[in-house]
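*Asks:* So that we are looking at the same thing, I have put the structure below in structure tokens.
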Amino acid sequence: MFSLLKKEITSFFGSLTGYVVVFVFLLATSLFLWVFPGNYNVLDGGYASLDGLFSLAPWVYLFLVPAVTMRLFAEEKRLGTMEVLLTRPLSVMQIVLAKFLAGLLLVAISLLPTLIYFYSVYALGNPVGCIDTGSTWGAYFGLFFLAAIYVAIGLLASALTDNQIFAFILALFLSFVAYLGFDFVGAMQLPSALQQWITGFGINEHYASISRGVVDSRDLVYFISVVFIFLFLTSRIIHFHTVNFRREIKSGILVLIGVLFLSILSGQLFFRLDLTAEKRYSITDVSKKLVKNLEKPVNITLYLDGELPAGFRKLKKSIQEKIADYNAYSSKLINLTVVDPYEISDAKRRDQLFEELAGKGLQPTDIRQNTDQGTITRRIFPGALIEYGNKMISVNLLKNNQNAHAEVNLNNSIESLEYEFSAAFAELMSPEKQSVAFLTGQGELNDHEVHDIATSLTEKYNVFNVTSTELATNGSRIKALIVANPSQKFTEGEKFQIDQYAMNGGRILWLIDPVSVSLDSLSNGNMTLAFPRSLNLDDQLFRYGVRLNANLVQDAECLLIPIITGTSSKFTPAPWYYSPLLIPSENQVISKSLNRVKGEFVSSIDTVGKGNQVRKTVILATSAYSLVTEAPVEVSLASANNPIDRNLFRQPSQAVGVLLEGTFTSVFKNRMVDSFGVKSSAVKTESMPTKMIVFSDGNLIANQYRIQGGIPEYMPLGYDRFSKQTFGNKALLLNAVNYLCDDEGLMELRSRVFKIRLLDKVRLKEEKLTWQLLNVLVPILLISAFGAVYVYVRRRKYKC
């Protein structure tokens, strides 16, 4: 067997055909990866990744492998040496295995020079070596298995004929059918279970998984089984003239039963090994449990396709991969359909589709692209519509933080994919909505002022108003209570009802202004006074773990407002230090990867208490250049004319938002409560584990509005009319409510962090030609040098 293997390798490298085949493979891949512009080009993509190679190689191998295998048996038949070969002291399967291993080894040798590509991406990374090595080696592993199937198919085609050209064409056709043919059939209008079953027979379904660096035992079983089937068929064809049909049928049935049994067993008992550095293709137990409990198929329509920049192509690919990860554990098929709206050539119909998508909640974004006709702007919808039974929701997948670079936003979007999809699945599967209530009765913000956040919450929760008195009877069905900027003093009885709601596990979102500032007085003149606001909540919040300070925090990083300067009647922008642009913490899932938050007359928060019962986490703070002034304090528009003085703004990072988690102690513990009609025995003094979030800016949740002709017009929450920017207020508050209501740990999925792996743009610009020449010429030169040495050694060995 070894002698036959050696003979095939010697025959390949002893002829010019072998080198031509390898040259064509290396030249094609290097040109597409390093020279030709397009989706495969590494330099144009800008990411430290060889994804282009592993997407391109299966197509190049469609031609390379048949060229390698077409002669393995066909030439033996043409030269009449087949009978001689069968008389060797080798079994038919040993002959087939020797030919197979020879073909596979030759394909592997052609792959070795591509390690130059790996070195190049490694060296060009920013920083050097930032390429995900584990993922890359896993993808090479998958490419090797793909080549193994192609070689097995080519071997079968070569065994069927003595014509090498026919063997090449037949192997090419069969390999293409095995690679994508089942996907084409599965894409037809068929039941989802049948679609999943059909596509599972195709190579692409399994190669797409393993080429990412995910080793799934089911994929390994598939590759090994398919290779074995083709090798078995080849062995039967070789000695067809001596075949015993009854025995062959029996053997075939046994092989088929064995393969089916192994496939079923591998589907029930399987493992997945994620070789990527951040385990980016592993989903959490929470997500696994969700998809295992699916009772119906899920249909996802993604409107992100066509001519896209590299970053959005990466986002689309990540979405497809994430759905594949879900399907690895799902009890029902999660079907993903990718749509390019620009395939609709009629502009009127396309605009109508855009309006429909926007009406369903998908947020558009505009991208600029350079084409031969110049720079064009395209509108895309980086989001998806998810259908489950008769329910449908929209999910926006692009995180657009205006203070972050495009690469950072796209990476944040990829990081949050599992959370977005799992949260959507949970919402669709939930038989009923949870309830969120706004507290009323103490001069809180009215319905117009909380219209935007309330409308957004309605998509997921039952939202209504409740008084503190009603908490005593309805508190058990309220998952979270929102206290939105009360302006009137709480009585002890009202405090008691809120306290007992918390003690019974209720979750509370506090938005409190410790200082009162009259905006009417400020707008009518240039100055007003800010006074401490007495709400009678200080002792209660102190007992829970925070103290809201009666001060105002000015911040050098703030909004600009239009003011009249000097004798001119024109408005000019000036910094309004009392409207800080607050910084969400990157260390907590509530505030991670959010845009700046617009504040107005904010105060600082101190955490108090040393016990371990309540964990305190700052989730929102001012910038490094803050100034704290104790109330009462004069607030004047004239301060906008004052330049920033570093000596004044030197009280950094004042906390204005704090998350409290744990077991709380009642503020009414060891207190007389008979005065407001409550018996001491009815007081629950220690809470069950629960959560609270406290913000020291009551207007953080308030949207602007105006009423014209009796019809209210609402501005988006966080919108600034002067700069025409929408800040992260709504996203932060929605995350806050979701976190408070989350019992399954879904919000923890937002904590995933993926490293941004980019190429060094400066080096790309300065050294582009050098790296192109290196990756195009060096692999070919290596094979040429190998061939020259090989020929020299053979001539020297066999020289007479």
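Lettering and numbering for the structure tokens are positional, with chains as A, B, ... in the shown order, residues counted from 1 in each chain, and ligands counted from 1 in the shown order.
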Just want the 12 Å neighbourhood of A:Asp645, counted on only C-alpha atoms, with same-chain residues fewer than 2 positions away dropped. Output as a list in words.

*Replies:*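 After dropping sequence-adjacent residues, the list is Gln554, Asp555, Ala556, Tyr577, Tyr625, Ser626, Leu627, Ser639, Asn641, Asn642, Pro643, Asn647, Leu648, Phe649 and Arg650 of chain A.
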
*Asks:* Please, which residues of stretch 73-169 of chain A, numbered as in this document, come out helix (DSSP H, G or I) from DSSP, as a VMD selection string?

*Replies:* chain A and resid 74 to 79 82 to 86 92 to 124 133 to 159 164 to 169

*Asks:* Would you mind writing down, as a PyMOL selection string, each residue of stretch 594-779 of chain A that DSSP on the backbone assigns to strand (DSSP E)?

*Replies:* chain A and resi 597-598+605-607+614-621+626-630+633-636+655-662+690-695+705-708+711-714+719-720+725-726+758-759

*Asks:* So which residues touch A:Trp34 within 7 Å, counting only C-alpha atoms, skipping near sequence neighbours fewer than 4 positions away, as a list in words?

*Replies:* Ser30, Asn41, Val42, Leu43 and Gln772 of chain A

*Asks:* Mind checking which residues fall within 12 Å of A:Gly677, counting only C-alpha atoms, ignoring those fewer than 4 positions away in the same chain, and posting them as a ChimeraX atom specification?

*Replies:* /A:492-494,496-497,672-673,681-683

*Asks:* Report, in Å with one decimal, the straight-line distance from atom CA of A:Asn551 to atom CA of A:Val628.

*Replies:*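 Result for atom CA of A:Asn551 versus atom CA of A:Val628: 6.7 Å, one decimal.
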
*Asks:* Out of A:Val762, A:Ala310, A:Ile334, A:Val298, which residue has the shortest atom-to-atom distance to A:Asp44 when counting only C-alpha atoms?

*Replies:* A:Ala310

*Asks:* Which polymer residues have any atom within 8 Å of an atom of A:Met93, counting only C-alpha atoms, with same-chain residues fewer than 4 positions away left out, as a ChimeraX atom specification?

*Replies:* /A:97,231-232,235

*Asks:* Rank A:Asp720, A:Leu481, A:Leu541, A:Val517 by their smallest atom-to-atom distance to A:Leu740, using only C-alpha atoms, and report the top residue only.

*Replies:*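 Closest to A:Leu740 of all the choices is A:Leu481.
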
*Asks:* Using only C-alpha atoms, tabulate the residues of stretch 97-178 of chain A lying at most 10 Å from any atom of stretch 219-230 of chain A, each with its closest atom pair and that distance in Å to one decimal, by chain and increasing residue number, as JSON lines.

*Replies:*
```
{"residue": "A:Leu97", "atom": "CA", "partner": "A:Phe228", "partner_atom": "CA", "distance": 10.0}
{"residue": "A:Phe100", "atom": "CA", "partner": "A:Val227", "partner_atom": "CA", "distance": 9.7}
{"residue": "A:Gly142", "atom": "CA", "partner": "A:Leu220", "partner_atom": "CA", "distance": 9.1}
{"residue": "A:Phe145", "atom": "CA", "partner": "A:Phe223", "partner_atom": "CA", "distance": 6.4}
{"residue": "A:Leu146", "atom": "CA", "partner": "A:Phe223", "partner_atom": "CA", "distance": 7.6}
{"residue": "A:Ala148", "atom": "CA", "partner": "A:Val227", "partner_atom": "CA", "distance": 6.8}
{"residue": "A:Ile149", "atom": "CA", "partner": "A:Val227", "partner_atom": "CA", "distance": 5.3}
{"residue": "A:Tyr150", "atom": "CA", "partner": "A:Val227", "partner_atom": "CA", "distance": 8.6}
{"residue": "A:Val151", "atom": "CA", "partner": "A:Val227", "partner_atom": "CA", "distance": 8.5}
{"residue": "A:Ala152", "atom": "CA", "partner": "A:Phe230", "partner_atom": "CA", "distance": 5.7}
{"residue": "A:Ile153", "atom": "CA", "partner": "A:Phe230", "partner_atom": "CA", "distance": 6.1}
{"residue": "A:Gly154", "atom": "CA", "partner": "A:Phe230", "partner_atom": "CA", "distance": 9.2}
{"residue": "A:Leu155", "atom": "CA", "partner": "A:Phe230", "partner_atom": "CA", "distance": 8.1}
{"residue": "A:Leu156", "atom": "CA", "partner": "A:Phe230", "partner_atom": "CA", "distance": 6.5}
{"residue": "A:Ala157", "atom": "CA", "partner": "A:Phe230", "partner_atom": "CA", "distance": 9.8}
{"residue": "A:Ala178", "atom": "CA", "partner": "A:Val226", "partner_atom": "CA", "distance": 10.0}
```

*Asks:* With N, CA and C atoms retained, could you export that selection as a compact mmCIF listing (two decimals), in the first residue's frame?

*Replies:*
```txt
# COMPACT_ATOMS: atom_id res chain seq x y z
N LEU A 97 -7.70 3.11 -0.91
CA LEU A 97 -7.18 3.97 0.15
C LEU A 97 -5.84 4.58 -0.25
N PHE A 100 -6.56 7.28 -2.67
CA PHE A 100 -7.23 8.38 -1.96
C PHE A 100 -6.21 9.19 -1.16
N GLY A 142 -11.11 22.43 8.56
CA GLY A 142 -12.33 22.22 7.79
C GLY A 142 -12.07 22.13 6.30
N PHE A 145 -10.93 18.67 5.39
CA PHE A 145 -12.03 17.71 5.29
C PHE A 145 -12.84 17.92 4.01
N LEU A 146 -13.02 19.17 3.62
CA LEU A 146 -13.71 19.45 2.36
C LEU A 146 -12.95 18.83 1.20
N ALA A 148 -11.02 16.32 1.34
CA ALA A 148 -11.13 14.86 1.43
C ALA A 148 -12.37 14.36 0.70
N ILE A 149 -13.49 15.05 0.85
CA ILE A 149 -14.71 14.64 0.15
C ILE A 149 -14.54 14.82 -1.36
N TYR A 150 -13.97 15.95 -1.76
CA TYR A 150 -13.74 16.18 -3.19
C TYR A 150 -12.85 15.09 -3.79
N VAL A 151 -11.80 14.71 -3.05
CA VAL A 151 -10.91 13.66 -3.55
C VAL A 151 -11.66 12.34 -3.66
N ALA A 152 -12.48 12.00 -2.67
CA ALA A 152 -13.26 10.76 -2.71
C ALA A 152 -14.22 10.76 -3.90
N ILE A 153 -14.85 11.91 -4.15
CA ILE A 153 -15.76 12.01 -5.30
C ILE A 153 -14.96 11.88 -6.61
N GLY A 154 -13.82 12.56 -6.67
CA GLY A 154 -12.99 12.47 -7.88
C GLY A 154 -12.49 11.07 -8.13
N LEU A 155 -12.20 10.34 -7.06
CA LEU A 155 -11.75 8.96 -7.18
C LEU A 155 -12.86 8.09 -7.78
N LEU A 156 -14.10 8.30 -7.33
CA LEU A 156 -15.23 7.56 -7.88
C LEU A 156 -15.41 7.86 -9.36
N ALA A 157 -15.32 9.15 -9.72
CA ALA A 157 -15.48 9.53 -11.13
C ALA A 157 -14.38 8.92 -11.99
N ALA A 178 -22.76 18.03 -4.67
CA ALA A 178 -22.59 17.71 -3.25
C ALA A 178 -22.37 18.96 -2.42
```

*Asks:* Choose the residue, out of A:Lys598, A:Lys316, A:Arg280, A:Lys399, that has the smallest atom-to-atom separation from A:Ser723; count only C-alpha atoms.

*Replies:*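 Answer, going by the shortest atom-to-atom distance: A:Lys598.
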
*Asks:* Would you list the contacts of A:Val68 as number ranges by chain, taking every protein, DNA or RNA residue within 8 Å and counting only C-alpha atoms, but skipping same-chain residues closer than 2 positions in sequence?

*Replies:* A: 18, 21, 64-66, 70-72, 103, 106-107

*Asks:* Under the rule that only C-alpha atoms are counted, which of A:Val121, A:Val776, A:Leu781, A:Ile482 is the nearest residue to A:Val35?

*Replies:*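 Nearest candidate to A:Val35 out of A:Val121, A:Val776, A:Leu781, A:Ile482: A:Val776.
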
*Asks:* Which of these, A:Ala530, A:Leu774, A:Ala208, A:Leu759, has the shortest distance to A:Leu124 once you count only C-alpha atoms?

*Replies:*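 Among the listed residues, A:Leu759 lies closest to A:Leu124.
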
*Asks:* Measuring between only C-alpha atoms, which one of A:Leu26, A:Cys130, A:Leu353, A:Leu111 shows the shortest distance to A:Ile780?

*Replies:*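 Checking each of A:Leu26, A:Cys130, A:Leu353, A:Leu111 against A:Ile780, counting only C-alpha atoms, the winner is A:Leu26.
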
*Asks:* Tell me, in Å to one decimal, how far atom CA of A:Gly709 is from atom CA of A:Asn446.

*Replies:*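 Calculated distance between atom CA of A:Gly709 and atom CA of A:Asn446 is 19.3 Å.
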
*Asks:* Name all residues at most 7 Å from A:Asn299 (count only C-alpha atoms; drop same-chain ones fewer than 5 positions away) and give them as a ChimeraX atom specification.

*Replies:* /A:334-336,386-388

*Asks:* Store the residues of this selection in a file with C-alpha atoms, as a PDB file, in the first residue's frame.

*Replies:*
```
ATOM      1  CA  ILE A 334     -34.627  28.806  12.557  1.00  0.00           C
ATOM      2  CA  ASN A 335     -34.778  29.825   8.917  1.00  0.00           C
ATOM      3  CA  LEU A 336     -32.826  32.907   7.798  1.00  0.00           C
ATOM      4  CA  ILE A 386     -38.695  37.679  13.152  1.00  0.00           C
ATOM      5  CA  GLU A 387     -41.863  35.583  12.797  1.00  0.00           C
ATOM      6  CA  TYR A 388     -42.979  32.893  15.209  1.00  0.00           C
TER       7      TYR A 388
END
```

*Asks:* Once you count only C-alpha atoms, what closest atom pair and distance in Å to one decimal does each residue of stretch 500-554 of chain A within 9 Å of stretch 601-609 of chain A have, with rows by chain and rising residue number, as a Markdown table?

*Replies:*
```
| residue | atom | partner | partner_atom | distance |
| --- | --- | --- | --- | --- |
| A:Asp513 | CA | A:Val602 | CA | 7.3 |
| A:Pro514 | CA | A:Ser603 | CA | 6.9 |
| A:Val515 | CA | A:Ser603 | CA | 7.4 |
| A:Ser516 | CA | A:Phe601 | CA | 8.7 |
| A:Val517 | CA | A:Phe601 | CA | 7.6 |
| A:Phe542 | CA | A:Val608 | CA | 6.9 |
| A:Arg543 | CA | A:Gly609 | CA | 8.2 |
| A:Tyr544 | CA | A:Val608 | CA | 8.5 |
| A:Gly545 | CA | A:Val608 | CA | 5.0 |
| A:Val546 | CA | A:Thr607 | CA | 4.4 |
| A:Arg547 | CA | A:Asp606 | CA | 5.1 |
| A:Leu548 | CA | A:Ile605 | CA | 4.8 |
| A:Asn549 | CA | A:Ser604 | CA | 5.7 |
| A:Ala550 | CA | A:Ser603 | CA | 6.7 |
| A:Asn551 | CA | A:Ser603 | CA | 5.4 |
| A:Leu552 | CA | A:Ser603 | CA | 4.8 |
| A:Val553 | CA | A:Ser603 | CA | 5.6 |
| A:Gln554 | CA | A:Phe601 | CA | 8.0 |
```

*Asks:* Create the file for the chosen residues now, containing N, CA and C atoms and written as a compact mmCIF listing (two decimals), in the first residue's frame.

*Replies:*
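Output saved as selection_12.txt:
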```txt
# COMPACT_ATOMS: atom_id res chain seq x y z
N ASP A 513 -35.02 64.13 41.16
CA ASP A 513 -34.27 65.40 41.15
C ASP A 513 -34.12 65.87 42.59
N PRO A 514 -32.94 65.80 43.18
CA PRO A 514 -32.77 66.28 44.56
C PRO A 514 -32.80 67.80 44.67
N VAL A 515 -32.65 68.46 43.49
CA VAL A 515 -32.63 69.93 43.47
C VAL A 515 -33.69 70.41 42.50
N SER A 516 -34.40 71.45 42.89
CA SER A 516 -35.46 72.01 42.06
C SER A 516 -34.96 73.26 41.36
N VAL A 517 -35.10 73.28 40.03
CA VAL A 517 -34.68 74.43 39.22
C VAL A 517 -35.89 74.85 38.39
N PHE A 542 -31.45 56.11 51.51
CA PHE A 542 -30.23 55.89 52.29
C PHE A 542 -30.20 54.47 52.84
N ARG A 543 -31.35 53.99 53.33
CA ARG A 543 -31.42 52.64 53.85
C ARG A 543 -31.19 51.61 52.73
N TYR A 544 -31.60 51.93 51.51
CA TYR A 544 -31.40 51.02 50.39
C TYR A 544 -29.96 51.03 49.88
N GLY A 545 -29.19 52.11 50.18
CA GLY A 545 -27.78 52.08 49.80
C GLY A 545 -27.25 53.27 49.05
N VAL A 546 -28.06 54.33 48.87
CA VAL A 546 -27.56 55.50 48.14
C VAL A 546 -27.99 56.78 48.84
N ARG A 547 -27.23 57.84 48.59
CA ARG A 547 -27.60 59.17 49.06
C ARG A 547 -27.58 60.11 47.86
N LEU A 548 -28.71 60.76 47.61
CA LEU A 548 -28.80 61.76 46.56
C LEU A 548 -28.43 63.10 47.15
N ASN A 549 -27.37 63.69 46.66
CA ASN A 549 -26.85 64.94 47.21
C ASN A 549 -27.58 66.15 46.64
N ALA A 550 -27.83 67.12 47.50
CA ALA A 550 -28.50 68.34 47.09
C ALA A 550 -27.48 69.30 46.49
N ASN A 551 -27.06 68.97 45.27
CA ASN A 551 -26.10 69.80 44.56
C ASN A 551 -26.39 69.76 43.07
N LEU A 552 -25.69 70.56 42.31
CA LEU A 552 -25.74 70.52 40.86
C LEU A 552 -24.34 70.25 40.32
N VAL A 553 -24.28 69.40 39.32
CA VAL A 553 -23.00 69.05 38.72
C VAL A 553 -22.91 69.69 37.34
N GLN A 554 -21.93 70.55 37.17
CA GLN A 554 -21.64 71.11 35.86
C GLN A 554 -20.53 70.28 35.21
```
